[in-house]
Amino acid sequence: MAYMARIRGVEPEQANLLTRLIYWFTKRKLGRLVTPVKITAHQTRLLRAMGQMEVAQMAMRDVDPALKALAGIKAATLVGCPF
């Protein structure tokens, strides 16, 4: 079942330089540009903060990567994340 966002995201053609850079990193990591990133791009400071949080979480070495992946999957299923 595909979910459709109620808010239109910021398209790359409309985005500022920082947002385009974040889009590039997202495509590099995930292989595509996901809708939540495009929607968050309406608030550039929030988008930047979310990116910083992601980088910090990836840099953590205290928890086994497989356990981090399982926790992410569990959290996604609890909140009904479609991807």
# chains A, B, ... in the order shown; residues from 1 in each chain; ligands from 1
>>> residues_around(residues="region 21-30 of chain A", least_positions_apart="4", cutoff="12 Å", atoms="only C-alpha atoms", output="PyMOL selection string")
chain A and resi 9-17+34-41+44-52+54-55+58+83
>>> select_by_dssp(residues="chain A", states="alpha helix (DSSP H)", output="VMD selection string")
chain A and resid 17 to 30 35 to 40 44 to 59 65 to 79
>>> write_last_selection(atoms="N, CA and C atoms", output="compact mmCIF listing (two decimals), in the first residue's frame")
# COMPACT_ATOMS: atom_id res chain seq x y z
N LEU A 17 21.03 25.79 -2.08
CA LEU A 17 22.27 25.02 -2.22
C LEU A 17 22.44 23.99 -1.10
N LEU A 18 22.17 24.38 0.14
CA LEU A 18 22.31 23.44 1.26
C LEU A 18 21.35 22.27 1.12
N THR A 19 20.13 22.55 0.74
CA THR A 19 19.13 21.50 0.59
C THR A 19 19.52 20.55 -0.55
N ARG A 20 20.04 21.09 -1.64
CA ARG A 20 20.49 20.24 -2.74
C ARG A 20 21.64 19.34 -2.30
N LEU A 21 22.52 19.86 -1.46
CA LEU A 21 23.62 19.04 -0.94
C LEU A 21 23.08 17.91 -0.07
N ILE A 22 22.11 18.21 0.77
CA ILE A 22 21.50 17.18 1.61
C ILE A 22 20.77 16.16 0.74
N TYR A 23 20.10 16.62 -0.30
CA TYR A 23 19.44 15.70 -1.23
C TYR A 23 20.47 14.75 -1.85
N TRP A 24 21.62 15.30 -2.24
CA TRP A 24 22.67 14.47 -2.85
C TRP A 24 23.14 13.40 -1.89
N PHE A 25 23.37 13.77 -0.61
CA PHE A 25 23.80 12.79 0.38
C PHE A 25 22.72 11.73 0.60
N THR A 26 21.47 12.15 0.60
CA THR A 26 20.37 11.20 0.79
C THR A 26 20.31 10.21 -0.36
N LYS A 27 20.42 10.71 -1.59
CA LYS A 27 20.41 9.81 -2.75
C LYS A 27 21.60 8.86 -2.71
N ARG A 28 22.72 9.36 -2.27
CA ARG A 28 23.93 8.52 -2.19
C ARG A 28 23.75 7.41 -1.16
N LYS A 29 23.12 7.73 -0.03
CA LYS A 29 22.96 6.75 1.04
C LYS A 29 21.81 5.78 0.77
N LEU A 30 20.68 6.29 0.30
CA LEU A 30 19.48 5.46 0.15
C LEU A 30 19.20 5.03 -1.28
N THR A 35 10.43 10.99 0.42
CA THR A 35 9.47 12.06 0.66
C THR A 35 9.68 12.78 1.99
N PRO A 36 9.94 12.10 3.12
CA PRO A 36 10.12 12.84 4.37
C PRO A 36 11.24 13.89 4.32
N VAL A 37 12.28 13.60 3.57
CA VAL A 37 13.37 14.57 3.44
C VAL A 37 12.89 15.77 2.63
N LYS A 38 12.15 15.52 1.57
CA LYS A 38 11.63 16.60 0.74
C LYS A 38 10.65 17.48 1.52
N ILE A 39 9.86 16.89 2.38
CA ILE A 39 8.90 17.66 3.17
C ILE A 39 9.63 18.46 4.25
N THR A 40 10.59 17.85 4.90
CA THR A 40 11.35 18.55 5.93
C THR A 40 12.14 19.71 5.34
N THR A 44 14.67 24.57 6.54
CA THR A 44 16.07 24.21 6.31
C THR A 44 16.81 23.91 7.60
N ARG A 45 16.55 24.68 8.65
CA ARG A 45 17.24 24.43 9.92
C ARG A 45 16.87 23.07 10.50
N LEU A 46 15.62 22.68 10.38
CA LEU A 46 15.20 21.37 10.86
C LEU A 46 15.83 20.26 10.02
N LEU A 47 15.88 20.46 8.71
CA LEU A 47 16.50 19.47 7.82
C LEU A 47 17.97 19.29 8.17
N ARG A 48 18.67 20.40 8.40
CA ARG A 48 20.09 20.33 8.78
C ARG A 48 20.26 19.61 10.12
N ALA A 49 19.39 19.91 11.09
CA ALA A 49 19.48 19.27 12.40
C ALA A 49 19.23 17.77 12.30
N MET A 50 18.26 17.37 11.48
CA MET A 50 18.01 15.94 11.29
C MET A 50 19.21 15.25 10.65
N GLY A 51 19.85 15.93 9.71
CA GLY A 51 21.05 15.38 9.09
C GLY A 51 22.18 15.21 10.09
N GLN A 52 22.35 16.18 10.96
CA GLN A 52 23.38 16.09 12.00
C GLN A 52 23.09 14.94 12.95
N MET A 53 21.82 14.75 13.28
CA MET A 53 21.44 13.65 14.16
C MET A 53 21.76 12.30 13.50
N GLU A 54 21.45 12.18 12.21
CA GLU A 54 21.74 10.94 11.49
C GLU A 54 23.23 10.65 11.47
N VAL A 55 24.04 11.67 11.21
CA VAL A 55 25.50 11.48 11.18
C VAL A 55 26.00 11.06 12.55
N ALA A 56 25.49 11.69 13.60
CA ALA A 56 25.93 11.35 14.95
C ALA A 56 25.54 9.92 15.31
N GLN A 57 24.35 9.50 14.91
CA GLN A 57 23.91 8.14 15.21
C GLN A 57 24.74 7.12 14.45
N MET A 58 25.12 7.42 13.21
CA MET A 58 25.94 6.50 12.44
C MET A 58 27.35 6.40 13.03
N ALA A 59 27.81 7.48 13.65
CA ALA A 59 29.16 7.50 14.20
C ALA A 59 29.27 6.75 15.53
N PRO A 65 26.14 -2.75 15.00
CA PRO A 65 25.37 -2.26 13.85
C PRO A 65 24.12 -3.10 13.55
N ALA A 66 24.20 -4.40 13.73
CA ALA A 66 23.02 -5.25 13.48
C ALA A 66 21.91 -4.93 14.47
N LEU A 67 22.28 -4.66 15.71
CA LEU A 67 21.28 -4.31 16.73
C LEU A 67 20.66 -2.95 16.42
N LYS A 68 21.47 -2.00 15.94
CA LYS A 68 20.94 -0.69 15.54
C LYS A 68 19.94 -0.85 14.40
N ALA A 69 20.25 -1.71 13.45
CA ALA A 69 19.35 -1.93 12.32
C ALA A 69 18.03 -2.54 12.79
N LEU A 70 18.12 -3.51 13.68
CA LEU A 70 16.90 -4.13 14.21
C LEU A 70 16.06 -3.13 14.98
N ALA A 71 16.70 -2.27 15.77
CA ALA A 71 15.97 -1.25 16.52
C ALA A 71 15.28 -0.28 15.57
N GLY A 72 15.96 0.08 14.48
CA GLY A 72 15.35 0.97 13.49
C GLY A 72 14.14 0.35 12.82
N ILE A 73 14.24 -0.93 12.50
CA ILE A 73 13.11 -1.64 11.89
C ILE A 73 11.93 -1.72 12.85
N LYS A 74 12.22 -2.03 14.11
CA LYS A 74 11.16 -2.12 15.12
C LYS A 74 10.47 -0.77 15.30
N ALA A 75 11.26 0.30 15.39
CA ALA A 75 10.68 1.64 15.55
C ALA A 75 9.82 2.01 14.34
N ALA A 76 10.29 1.67 13.16
CA ALA A 76 9.53 1.96 11.94
C ALA A 76 8.20 1.22 11.92
N THR A 77 8.21 -0.03 12.34
CA THR A 77 6.94 -0.79 12.35
C THR A 77 5.99 -0.26 13.42
N LEU A 78 6.52 0.20 14.53
CA LEU A 78 5.66 0.73 15.60
C LEU A 78 4.94 2.00 15.19
N VAL A 79 5.62 2.84 14.41
CA VAL A 79 5.00 4.10 14.01
C VAL A 79 4.30 4.00 12.66
